[in-house]
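What's in my_file.tsv: TSV, C-alpha atoms (C1' of nucleotides)
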```tsv
chain	number	residue	atom	x	y	z
U	7	MET	CA	0.00	0.00	0.00
U	8	SER	CA	1.24	3.49	-0.81
U	9	ASP	CA	2.53	5.98	1.73
U	10	LEU	CA	-0.55	8.11	1.33
U	11	LEU	CA	-2.95	5.22	1.99
U	12	GLU	CA	-0.79	4.13	4.90
U	13	ARG	CA	-0.90	7.61	6.43
U	14	LEU	CA	-4.64	7.89	5.94
U	15	ARG	CA	-5.32	4.53	7.53
U	16	GLY	CA	-3.04	5.51	10.40
U	17	ARG	CA	-5.20	8.54	10.98
U	18	GLY	CA	-8.29	6.39	11.34
U	19	TRP	CA	-9.63	7.08	7.84
U	20	ARG	CA	-12.24	4.49	7.02
U	21	MET	CA	-10.88	2.70	3.96
U	22	THR	CA	-13.46	2.10	1.26
U	23	ALA	CA	-12.88	1.04	-2.33
U	24	GLN	CA	-13.84	4.53	-3.55
U	25	ARG	CA	-11.49	6.38	-1.22
U	26	ARG	CA	-8.69	4.00	-2.04
U	27	VAL	CA	-9.12	4.60	-5.76
U	28	VAL	CA	-9.21	8.39	-5.39
U	29	ALA	CA	-6.11	8.35	-3.19
U	30	GLU	CA	-4.34	6.07	-5.65
U	31	VAL	CA	-5.18	8.31	-8.59
U	32	LEU	CA	-3.71	11.31	-6.79
U	33	ASP	CA	-0.76	9.49	-5.34
U	34	GLY	CA	0.13	7.55	-8.43
U	35	ASP	CA	0.00	10.14	-11.13
U	36	HIS	CA	1.57	13.08	-9.31
U	37	VAL	CA	0.12	15.61	-11.69
U	38	HIS	CA	-2.35	18.40	-11.01
U	39	LEU	CA	-5.78	17.10	-11.90
U	40	THR	CA	-9.17	18.77	-11.78
U	41	ALA	CA	-11.92	17.10	-9.77
U	42	ASP	CA	-13.44	15.98	-13.03
U	43	GLU	CA	-10.21	14.40	-14.23
U	44	VAL	CA	-9.83	12.63	-10.89
U	45	HIS	CA	-13.36	11.34	-11.32
U	46	ALA	CA	-12.64	10.12	-14.85
U	47	ARG	CA	-9.48	8.26	-13.80
U	48	ALA	CA	-11.14	6.82	-10.72
U	49	ALA	CA	-14.13	5.71	-12.80
U	50	ALA	CA	-11.78	3.86	-15.13
U	51	ARG	CA	-10.99	1.54	-12.22
U	52	LEU	CA	-14.29	1.69	-10.37
U	53	PRO	CA	-17.02	2.62	-12.86
U	54	GLU	CA	-19.81	3.19	-10.36
U	55	ILE	CA	-17.97	5.84	-8.35
U	56	SER	CA	-19.99	9.04	-8.19
U	57	ARG	CA	-18.97	12.63	-8.71
U	58	ALA	CA	-20.14	13.58	-5.23
U	59	THR	CA	-17.91	10.95	-3.66
U	60	VAL	CA	-14.89	12.27	-5.53
U	61	TYR	CA	-15.66	15.82	-4.37
U	62	ASN	CA	-16.19	14.63	-0.79
U	63	THR	CA	-12.97	12.65	-0.77
U	64	LEU	CA	-10.92	15.45	-2.29
U	65	GLY	CA	-12.39	17.84	0.27
U	66	GLU	CA	-11.36	15.52	3.08
U	67	LEU	CA	-7.85	15.08	1.73
U	68	VAL	CA	-7.52	18.87	1.56
U	69	THR	CA	-8.77	19.19	5.14
U	70	LEU	CA	-6.29	16.53	6.25
U	71	GLY	CA	-3.52	18.48	4.56
U	72	GLU	CA	-2.61	15.64	2.22
U	73	VAL	CA	-3.58	17.57	-0.89
U	74	ILE	CA	-3.53	21.27	-1.83
U	75	GLU	CA	-6.19	23.02	-3.87
U	76	VAL	CA	-4.75	25.26	-6.56
U	77	ALA	CA	-6.92	27.96	-8.13
U	78	THR	CA	-6.02	28.56	-11.74
U	79	ASP	CA	-7.32	31.22	-14.10
U	80	GLY	CA	-9.61	28.66	-15.62
U	81	ARG	CA	-12.77	27.42	-14.06
U	82	ALA	CA	-11.90	24.28	-12.16
U	83	LYS	CA	-9.65	23.96	-9.15
U	84	ARG	CA	-6.75	21.56	-9.49
U	85	TYR	CA	-5.52	19.23	-6.78
U	86	ASP	CA	-1.86	18.96	-5.90
U	87	PRO	CA	-0.87	15.78	-4.05
U	88	ASN	CA	2.58	17.16	-3.27
U	89	ALA	CA	1.45	18.90	-0.08
U	90	HIS	CA	4.33	17.84	2.13
U	91	HIS	CA	7.03	19.83	0.38
U	92	ALA	CA	6.76	23.63	0.28
U	93	HIS	CA	6.79	24.67	-3.34
U	94	GLN	CA	5.52	27.22	-5.82
U	95	HIS	CA	3.54	26.91	-9.03
U	96	LEU	CA	4.04	27.73	-12.68
U	97	VAL	CA	0.59	28.10	-14.29
U	98	CYS	CA	-0.08	28.36	-18.01
U	99	SER	CA	-2.55	31.20	-18.63
U	100	ASN	CA	-3.72	29.49	-21.77
U	101	CYS	CA	-4.28	25.81	-21.01
U	102	GLY	CA	-4.16	25.78	-17.21
U	103	THR	CA	-1.25	23.33	-16.96
U	104	ILE	CA	0.54	23.50	-13.62
U	105	ARG	CA	4.12	22.64	-12.77
U	106	ASP	CA	5.67	22.57	-9.34
U	107	VAL	CA	8.83	24.56	-8.80
U	108	HIS	CA	11.17	24.37	-5.85
U	109	PRO	CA	13.10	27.59	-6.30
U	110	SER	CA	16.55	27.60	-4.86
U	111	GLY	CA	17.13	31.32	-4.54
U	112	ASN	CA	13.96	32.85	-3.14
U	113	PRO	CA	13.85	33.72	0.53
U	114	MET	CA	10.83	32.85	2.69
U	115	LEU	CA	8.17	35.46	2.19
U	116	ASP	CA	6.77	37.18	5.22
U	117	LEU	CA	4.74	40.26	5.99
U	118	PRO	CA	5.64	42.53	8.87
U	119	ASP	CA	2.84	42.93	11.44
U	120	GLY	CA	2.22	46.50	10.34
U	121	GLU	CA	1.23	45.34	6.86
U	122	ARG	CA	-1.10	42.51	7.83
U	123	PHE	CA	-4.25	44.60	8.41
U	124	GLY	CA	-5.19	42.28	11.27
U	125	PHE	CA	-5.22	39.15	9.08
U	126	ALA	CA	-4.09	35.86	10.67
U	127	ILE	CA	-1.95	34.59	7.81
U	128	ALA	CA	-1.91	30.82	7.39
U	129	ASP	CA	-0.20	30.43	4.07
U	130	VAL	CA	1.66	32.20	1.29
U	131	GLU	CA	1.06	31.21	-2.28
U	132	VAL	CA	3.45	32.17	-5.06
U	133	THR	CA	2.27	31.64	-8.62
U	134	TYR	CA	4.21	32.41	-11.76
U	135	ARG	CA	1.83	32.94	-14.67
U	136	GLY	CA	2.77	32.69	-18.30
U	137	LEU	CA	2.68	30.40	-21.28
U	138	CYS	CA	3.85	26.82	-21.18
U	139	PRO	CA	6.15	25.53	-23.94
U	140	ASP	CA	3.22	23.98	-25.83
U	141	CYS	CA	1.15	27.19	-25.84
U	142	ARG	CA	3.94	29.65	-26.70
L	30	MET	CA	-13.56	62.12	-17.40
L	31	SER	CA	-11.48	59.78	-15.28
L	32	ASP	CA	-7.95	58.67	-16.12
L	33	LEU	CA	-9.17	55.17	-16.88
L	34	LEU	CA	-11.81	56.34	-19.36
L	35	GLU	CA	-9.28	58.68	-20.92
L	36	ARG	CA	-6.79	55.85	-21.41
L	37	LEU	CA	-9.43	53.55	-22.87
L	38	ARG	CA	-10.64	56.15	-25.32
L	39	GLY	CA	-7.03	56.83	-26.27
L	40	ARG	CA	-6.66	53.17	-27.15
L	41	GLY	CA	-9.60	53.35	-29.55
L	42	TRP	CA	-12.08	51.74	-27.22
L	43	ARG	CA	-15.58	52.45	-28.50
L	44	MET	CA	-17.23	54.37	-25.70
L	45	THR	CA	-20.75	53.20	-24.92
L	46	ALA	CA	-22.89	54.06	-21.94
L	47	GLN	CA	-22.49	50.52	-20.58
L	48	ARG	CA	-18.71	50.49	-20.84
L	49	ARG	CA	-18.50	53.92	-19.29
L	50	VAL	CA	-20.57	52.82	-16.30
L	51	VAL	CA	-18.56	49.62	-15.76
L	52	ALA	CA	-15.29	51.54	-15.97
L	53	GLU	CA	-16.60	54.15	-13.56
L	54	VAL	CA	-17.72	51.54	-11.05
L	55	LEU	CA	-14.27	49.98	-11.07
L	56	ASP	CA	-12.39	53.22	-11.13
L	57	GLY	CA	-14.49	55.00	-8.56
L	58	ASP	CA	-14.82	52.49	-5.80
L	59	HIS	CA	-11.32	51.01	-5.80
L	60	VAL	CA	-12.37	47.87	-4.00
L	61	HIS	CA	-12.27	44.27	-5.20
L	62	LEU	CA	-15.70	43.49	-6.59
L	63	THR	CA	-17.07	40.28	-8.08
L	64	ALA	CA	-18.58	40.44	-11.56
L	65	ASP	CA	-21.98	40.24	-9.94
L	66	GLU	CA	-21.27	43.15	-7.65
L	67	VAL	CA	-20.00	45.19	-10.58
L	68	HIS	CA	-23.23	44.36	-12.38
L	69	ALA	CA	-25.34	45.41	-9.40
L	70	ARG	CA	-23.55	48.75	-9.05
L	71	ALA	CA	-23.63	49.39	-12.77
L	72	ALA	CA	-27.34	48.55	-12.88
L	73	ALA	CA	-27.98	51.12	-10.18
L	74	ARG	CA	-26.95	53.79	-12.71
L	75	LEU	CA	-28.04	52.05	-15.91
L	76	PRO	CA	-30.81	49.59	-15.05
L	77	GLU	CA	-30.98	47.85	-18.41
L	78	ILE	CA	-27.31	46.78	-18.48
L	79	SER	CA	-26.99	43.03	-18.91
L	80	ARG	CA	-24.83	40.53	-17.12
L	81	ALA	CA	-23.19	39.45	-20.38
L	82	THR	CA	-22.10	43.01	-21.10
L	83	VAL	CA	-20.51	43.31	-17.69
L	84	TYR	CA	-18.63	40.04	-18.23
L	85	ASN	CA	-17.55	41.11	-21.72
L	86	THR	CA	-16.37	44.50	-20.51
L	87	LEU	CA	-14.50	43.08	-17.53
L	88	GLY	CA	-12.85	40.56	-19.83
L	89	GLU	CA	-11.71	43.33	-22.15
L	90	LEU	CA	-10.37	45.44	-19.32
L	91	VAL	CA	-8.38	42.43	-18.12
L	92	THR	CA	-7.04	41.85	-21.64
L	93	LEU	CA	-6.06	45.50	-21.88
L	94	GLY	CA	-4.21	45.19	-18.59
L	95	GLU	CA	-6.33	47.82	-16.86
L	96	VAL	CA	-7.78	45.38	-14.35
L	97	ILE	CA	-6.47	42.21	-12.67
L	98	GLU	CA	-8.52	39.11	-12.01
L	99	VAL	CA	-7.99	37.70	-8.55
L	100	ALA	CA	-9.01	34.11	-7.85
L	101	THR	CA	-10.18	33.65	-4.27
L	102	ASP	CA	-10.92	30.39	-2.49
L	103	GLY	CA	-14.59	31.15	-2.92
L	104	ARG	CA	-16.39	30.78	-6.16
L	105	ALA	CA	-16.38	34.14	-7.90
L	106	LYS	CA	-13.35	35.92	-9.27
L	107	ARG	CA	-12.79	39.45	-8.04
L	108	TYR	CA	-11.59	42.35	-10.13
L	109	ASP	CA	-8.79	44.64	-9.00
L	110	PRO	CA	-8.63	48.01	-10.76
L	111	ASN	CA	-5.25	48.77	-9.21
L	112	ALA	CA	-3.32	47.07	-12.02
L	113	HIS	CA	-0.72	49.76	-12.57
L	114	HIS	CA	1.03	49.39	-9.24
L	115	ALA	CA	2.74	46.09	-8.43
L	116	HIS	CA	1.24	44.74	-5.26
L	117	GLN	CA	0.31	41.57	-3.45
L	118	HIS	CA	-2.96	40.34	-1.97
L	119	LEU	CA	-4.23	39.32	1.42
L	120	VAL	CA	-7.23	37.02	0.93
L	121	CYS	CA	-9.61	35.88	3.65
L	122	SER	CA	-10.18	32.12	3.30
L	123	ASN	CA	-13.55	32.47	4.93
L	124	CYS	CA	-15.37	35.45	3.39
L	125	GLY	CA	-13.20	36.15	0.34
L	126	THR	CA	-12.34	39.73	1.30
L	127	ILE	CA	-9.22	41.01	-0.43
L	128	ARG	CA	-6.77	43.69	0.67
L	129	ASP	CA	-3.90	45.05	-1.35
L	130	VAL	CA	-0.48	45.06	0.30
L	131	HIS	CA	2.59	46.90	-0.87
L	132	PRO	CA	5.23	45.10	1.16
L	133	SER	CA	8.32	47.07	1.92
L	134	GLY	CA	10.72	44.25	2.69
L	135	ASN	CA	10.22	41.58	0.04
L	136	PRO	CA	12.65	41.38	-2.84
L	137	MET	CA	11.46	40.99	-6.41
L	138	LEU	CA	10.71	37.36	-7.08
L	139	ASP	CA	12.31	35.72	-10.04
L	140	LEU	CA	12.96	32.23	-11.30
L	141	PRO	CA	16.30	31.25	-12.77
L	142	ASP	CA	16.05	29.97	-16.34
L	143	GLY	CA	16.83	26.44	-15.24
L	144	GLU	CA	13.68	26.32	-13.13
L	145	ARG	CA	11.24	27.71	-15.70
L	146	PHE	CA	10.52	24.46	-17.58
L	147	GLY	CA	10.29	26.46	-20.80
L	148	PHE	CA	7.50	28.72	-19.53
L	149	ALA	CA	7.43	32.34	-20.74
L	150	ILE	CA	6.67	33.98	-17.42
L	151	ALA	CA	4.55	37.12	-17.64
L	152	ASP	CA	3.67	37.74	-14.06
L	153	VAL	CA	4.27	36.69	-10.48
L	154	GLU	CA	1.37	36.60	-8.10
L	155	VAL	CA	1.86	36.52	-4.34
L	156	THR	CA	-1.17	35.78	-2.20
L	157	TYR	CA	-1.24	35.59	1.57
L	158	ARG	CA	-4.18	33.48	2.73
L	159	GLY	CA	-5.70	33.57	6.18
L	160	LEU	CA	-8.55	35.01	8.18
L	161	CYS	CA	-9.50	38.66	8.12
L	162	PRO	CA	-10.14	40.49	11.42
L	163	ASP	CA	-13.92	40.01	11.10
L	164	CYS	CA	-13.69	36.25	10.52
L	165	ARG	CA	-11.07	35.42	13.17
G	13	DT	C1'	-22.53	-13.27	11.83
G	14	DC	C1'	-24.95	-9.21	13.00
G	15	DC	C1'	-25.35	-4.11	13.80
G	16	DT	C1'	-24.87	0.42	13.08
G	17	DA	C1'	-22.78	4.55	12.11
G	18	DC	C1'	-20.33	6.28	8.55
G	19	DG	C1'	-19.74	6.52	3.64
G	20	DA	C1'	-21.58	6.25	-1.27
G	21	DT	C1'	-25.05	7.10	-4.55
G	22	DA	C1'	-28.32	9.48	-7.87
G	23	DG	C1'	-29.94	13.31	-9.10
G	24	DA	C1'	-31.75	17.81	-8.13
G	25	DC	C1'	-30.07	22.21	-7.29
G	26	DA	C1'	-27.22	26.56	-7.32
G	27	DG	C1'	-23.75	29.84	-8.70
G	28	DA	C1'	-20.53	31.58	-12.10
G	29	DG	C1'	-19.56	32.28	-16.49
G	30	DT	C1'	-20.22	31.64	-21.83
G	31	DC	C1'	-22.64	31.57	-26.13
G	32	DT	C1'	-25.97	32.77	-29.74
G	33	DA	C1'	-29.00	35.23	-32.60
G	34	DA	C1'	-31.21	39.33	-33.19
G	35	DG	C1'	-31.59	44.09	-32.35
G	36	DT	C1'	-29.22	48.68	-31.34
G	37	DC	C1'	-26.14	52.41	-31.75
G	38	DA	C1'	-21.34	55.07	-31.87
G	39	DA	C1'	-18.68	57.20	-34.83
G	40	DG	C1'	-16.80	57.99	-39.32
G	41	DA	C1'	-18.17	59.25	-44.24
G	42	DA	C1'	-20.74	61.92	-47.34
M	18	DT	C1'	-27.26	66.48	-40.57
M	19	DT	C1'	-28.15	61.95	-42.25
M	20	DC	C1'	-26.55	57.52	-43.60
M	21	DT	C1'	-23.99	53.33	-43.08
M	22	DT	C1'	-21.82	49.70	-41.00
M	23	DG	C1'	-19.62	46.88	-38.02
M	24	DA	C1'	-18.98	46.66	-33.26
M	25	DC	C1'	-21.68	46.41	-29.05
M	26	DT	C1'	-25.70	44.94	-26.18
M	27	DT	C1'	-29.39	42.10	-24.92
M	28	DA	C1'	-32.23	38.07	-23.14
M	29	DG	C1'	-32.04	33.92	-22.03
M	30	DA	C1'	-30.57	29.31	-22.83
M	31	DC	C1'	-26.69	26.64	-21.91
M	32	DT	C1'	-22.38	24.64	-19.76
M	33	DC	C1'	-19.46	23.69	-16.15
M	34	DT	C1'	-18.20	23.27	-11.39
M	35	DG	C1'	-19.53	22.30	-7.11
M	36	DT	C1'	-23.07	21.29	-3.15
M	37	DC	C1'	-26.94	19.17	-0.89
M	38	DT	C1'	-30.37	15.71	0.39
M	39	DA	C1'	-32.60	11.46	0.99
M	40	DT	C1'	-31.80	6.85	0.58
M	41	DC	C1'	-29.09	2.79	0.23
M	42	DG	C1'	-24.80	0.10	1.17
M	43	DT	C1'	-21.01	-1.59	3.80
M	44	DA	C1'	-16.54	-1.50	6.85
M	45	DG	C1'	-15.30	-2.85	10.85
M	46	DG	C1'	-16.22	-3.63	15.74
M	47	DA	C1'	-18.93	-6.63	19.09
```

Hey, can you dump this file as C-alpha cells for me?
Amino acid sequence: MSDLLERLRGRGWRMTAQRRVVAEVLDGDHVHLTADEVHARAAARLPEISRATVYNTLGELVTLGEVIEVATDGRAKRYDPNAHHAHQHLVCSNCGTIRDVHPSGNPMLDLPDGERFGFAIADVEVTYRGLCPDCR
Amino acid sequence: MSDLLERLRGRGWRMTAQRRVVAEVLDGDHVHLTADEVHARAAARLPEISRATVYNTLGELVTLGEVIEVATDGRAKRYDPNAHHAHQHLVCSNCGTIRDVHPSGNPMLDLPDGERFGFAIADVEVTYRGLCPDCR
DNA sequence: TCCTACGATAGACAGAGTCTAAGTCAAGAA
DNA sequence: TTCTTGACTTAGACTCTGTCTATCGTAGGA
C-alpha cells in the first residue's frame, strides 16, 4: 500500500474502495488534476464511483492536509498531491497546466505585522503565470 | 472624465454608456468586486445593463491590462482596478475579502532559467491566505 | 454473523460564467 | 445632418463546477 494510503489509515480514515481509488489516482499520477479528471481516472478503475464521492474525498484530503487546492485562471480547481514539500507553481494562462517549482534562490516570504491589516496569515502562495512551452 | 476612461478612449475603445458605467464603477470604488457586484452597481446607474455586457467588458479590461482578475478560495473571481502598481494580496479564506499590500521588505521574485521548464513567465502573483479580522 | 454509524449514490439544485442570434447604436463618411 | 456599417448589447438558454439531500450500502467492531 502506498505511503498516502498508509498515512490515511493511520489517521483512522475508514478505507473504502472509492477512497482507495481516489487516493491512488492522486498518489500515483503526481500531476495536477481537476476534480473531473480525478473522477474520470477513478471511474476507469471503479465505474460506479460518483462525482459527489470524488468531491467529498478530495475535500477531506484537503482538510487533512494531504492535498492542496490550486486555483487557476480557468474554471476548475486543481488538486496537488505534493502537499508535504513547500513549493511554488508555474501556471499556463492558456491551457491551465501546472508545474511545481522548488526555487533555490527565493527567501521565505513574510509580511511585517504593520502590513497585515489584522489578518491571521496561514499560508503564502506564489504563482508564476505565463505560457507553457506547448502554448507559446 | 477619469484617467481610466481617458486611457481607454485613447486606445480606440468604442465608448458606450455601458462600458463607461462599468469603468466608472471599477475606477471610482477602488475595491475588489465580483462580476456580480459590478453588475449590481452598474445597474444602479443604468438599469438595463446586462450581465453578459458586464462580463464582456470586464474581460476586455483584463485583456487591456487595466484590471487584474484575482481568484479567491470562494467561487467568484474578483476584479482589482489597481493594475498599474505592483502589489500583493491578502485574501480571507472564509469570506473572500481582499486587501492590497505593498510590502516594503520583500525582494522581487524571479525564477532562474533552469527552473522555468520552458515557460514564458509574464507575471508573479503573491497571495497571503488567512482570516480577516472580522472572521477570526 | 450481526449491527450500526459512517460513507456512497443518484440526481436535483445553485452559482458563475459563456454563447448565440437578433436588435441597437457610436462614430466615421458623405 | 443623415446615412452606413460593423462593433456592441441584450435576453435567455446553456455549460461547467460544485453542493446538498434522501436513501441505500457496507466496513469494521462486538

Close residues, DC31 (chain G) itself excluded, 12 Å, all atoms listed in the file, min 6 positions apart in chain, as a list in words: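 Contacts, in chain order: Ala81 and Asn85 of chain L; DA28, DG29, DA30, DC31 and DT32 of chain M.
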
Nearby residues (all atoms listed in the file) at most 10 Å from region 115-132 of chain U, same-chain spacing under 5 positions excluded, as JSON, numbers by chain: {"U": [76, 92, 93, 94, 95, 96], "L": [118, 119, 120, 121, 122, 128, 129, 130, 131, 132, 133, 134, 135, 136, 138, 153, 154, 155, 156, 157, 158, 159, 160, 161, 162, 163, 164, 165]}

Using only C-alpha atoms (C1' of nucleotides), select each residue of chain M with any atom at most 9 Å away from an atom of chain L, and give the selection as a list in words.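 So the residues of chain M near chain L are DA24, DC25, DT26, DT27 and DA28 of chain M.
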
Atom pair CA of Val60 (chain U) / CA of Val37 (chain U): separation (Å): 16.6 Å

So how far away is C1' of DG40 (chain G) from CA of Ala71 (chain L), in Å?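 Rounded to one decimal, the two atoms are 28.7 Å apart.
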
Do me a favour and pick out the residues of chain G within 9 Å of chain U, using only C-alpha atoms (C1' of nucleotides), as number ranges by chain. G: 18-22, 29

In Å, how far is it from C1' of DT36 (chain M) to C1' of DA26 (chain G)? 7.9 Å

Residue among L:Cys124, L:Leu62, L:Ala105, L:Val96 lying closest to Leu33 (chain L), counting only C-alpha atoms: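 Result for the nearest residue to Leu33 (chain L): L:Val96.
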
Find the spatial neighbours of Tyr85 (chain U), counting all atoms listed in the file, within a cut-off of 9 Å - ignore same-chain residues fewer than 3 positions away - and output them as a ChimeraX atom specification. /U:32,37-41,44,64,68,73-77

Output region 83-93 of chain L as a tab-separated table (two decimals), in the coordinates of the input, making sure all heavy atoms are there.
```tsv
chain	number	residue	atom	x	y	z
L	83	VAL	N	-21.47	43.10	-18.78
L	83	VAL	CA	-20.51	43.31	-17.69
L	83	VAL	C	-19.36	42.31	-17.81
L	83	VAL	O	-18.19	42.68	-17.72
L	83	VAL	CB	-21.20	43.20	-16.32
L	83	VAL	CG1	-20.19	43.18	-15.19
L	83	VAL	CG2	-22.17	44.36	-16.13
L	84	TYR	N	-19.69	41.04	-18.07
L	84	TYR	CA	-18.63	40.04	-18.23
L	84	TYR	C	-17.74	40.38	-19.42
L	84	TYR	O	-16.52	40.30	-19.34
L	84	TYR	CB	-19.24	38.65	-18.43
L	84	TYR	CG	-19.58	37.96	-17.12
L	84	TYR	CD1	-20.89	37.86	-16.70
L	84	TYR	CD2	-18.58	37.44	-16.31
L	84	TYR	CE1	-21.21	37.23	-15.50
L	84	TYR	CE2	-18.89	36.81	-15.11
L	84	TYR	CZ	-20.20	36.71	-14.72
L	84	TYR	OH	-20.51	36.10	-13.54
L	85	ASN	N	-18.34	40.75	-20.55
L	85	ASN	CA	-17.55	41.11	-21.72
L	85	ASN	C	-16.61	42.26	-21.40
L	85	ASN	O	-15.41	42.23	-21.73
L	85	ASN	CB	-18.46	41.56	-22.88
L	85	ASN	CG	-19.24	40.40	-23.46
L	85	ASN	OD1	-18.89	39.24	-23.25
L	85	ASN	ND2	-20.31	40.71	-24.18
L	86	THR	N	-17.16	43.29	-20.78
L	86	THR	CA	-16.37	44.50	-20.51
L	86	THR	C	-15.25	44.20	-19.52
L	86	THR	O	-14.10	44.63	-19.73
L	86	THR	CB	-17.30	45.60	-19.97
L	86	THR	OG1	-18.39	45.75	-20.87
L	86	THR	CG2	-16.55	46.91	-19.85
L	87	LEU	N	-15.55	43.44	-18.48
L	87	LEU	CA	-14.50	43.08	-17.53
L	87	LEU	C	-13.41	42.29	-18.24
L	87	LEU	O	-12.22	42.54	-18.04
L	87	LEU	CB	-15.08	42.26	-16.38
L	87	LEU	CG	-15.95	43.04	-15.37
L	87	LEU	CD1	-16.62	42.08	-14.40
L	87	LEU	CD2	-15.12	44.05	-14.61
L	88	GLY	N	-13.82	41.37	-19.09
L	88	GLY	CA	-12.85	40.56	-19.83
L	88	GLY	C	-11.94	41.43	-20.68
L	88	GLY	O	-10.72	41.21	-20.75
L	89	GLU	N	-12.53	42.44	-21.32
L	89	GLU	CA	-11.71	43.33	-22.15
L	89	GLU	C	-10.76	44.16	-21.31
L	89	GLU	O	-9.60	44.37	-21.70
L	89	GLU	CB	-12.61	44.26	-22.97
L	89	GLU	CG	-13.20	43.54	-24.18
L	89	GLU	CD	-14.40	44.26	-24.72
L	89	GLU	OE1	-14.48	45.49	-24.57
L	89	GLU	OE2	-15.29	43.58	-25.27
L	90	LEU	N	-11.24	44.64	-20.19
L	90	LEU	CA	-10.37	45.44	-19.32
L	90	LEU	C	-9.20	44.60	-18.81
L	90	LEU	O	-8.08	45.09	-18.68
L	90	LEU	CB	-11.18	46.01	-18.14
L	90	LEU	CG	-12.17	47.10	-18.53
L	90	LEU	CD1	-13.09	47.44	-17.37
L	90	LEU	CD2	-11.42	48.36	-18.99
L	91	VAL	N	-9.46	43.32	-18.54
L	91	VAL	CA	-8.38	42.43	-18.12
L	91	VAL	C	-7.38	42.25	-19.26
L	91	VAL	O	-6.17	42.36	-19.07
L	91	VAL	CB	-8.93	41.06	-17.66
L	91	VAL	CG1	-7.81	40.06	-17.47
L	91	VAL	CG2	-9.71	41.22	-16.36
L	92	THR	N	-7.91	42.01	-20.46
L	92	THR	CA	-7.04	41.85	-21.64
L	92	THR	C	-6.18	43.09	-21.87
L	92	THR	O	-5.00	43.00	-22.22
L	92	THR	CB	-7.89	41.58	-22.89
L	92	THR	OG1	-8.69	40.43	-22.65
L	92	THR	CG2	-7.01	41.31	-24.10
L	93	LEU	N	-6.78	44.25	-21.68
L	93	LEU	CA	-6.06	45.50	-21.88
L	93	LEU	C	-5.07	45.79	-20.76
L	93	LEU	O	-4.29	46.74	-20.83
L	93	LEU	CB	-7.05	46.67	-21.99
L	93	LEU	CG	-7.93	46.71	-23.25
L	93	LEU	CD1	-9.02	47.77	-23.11
L	93	LEU	CD2	-7.07	47.00	-24.47
```
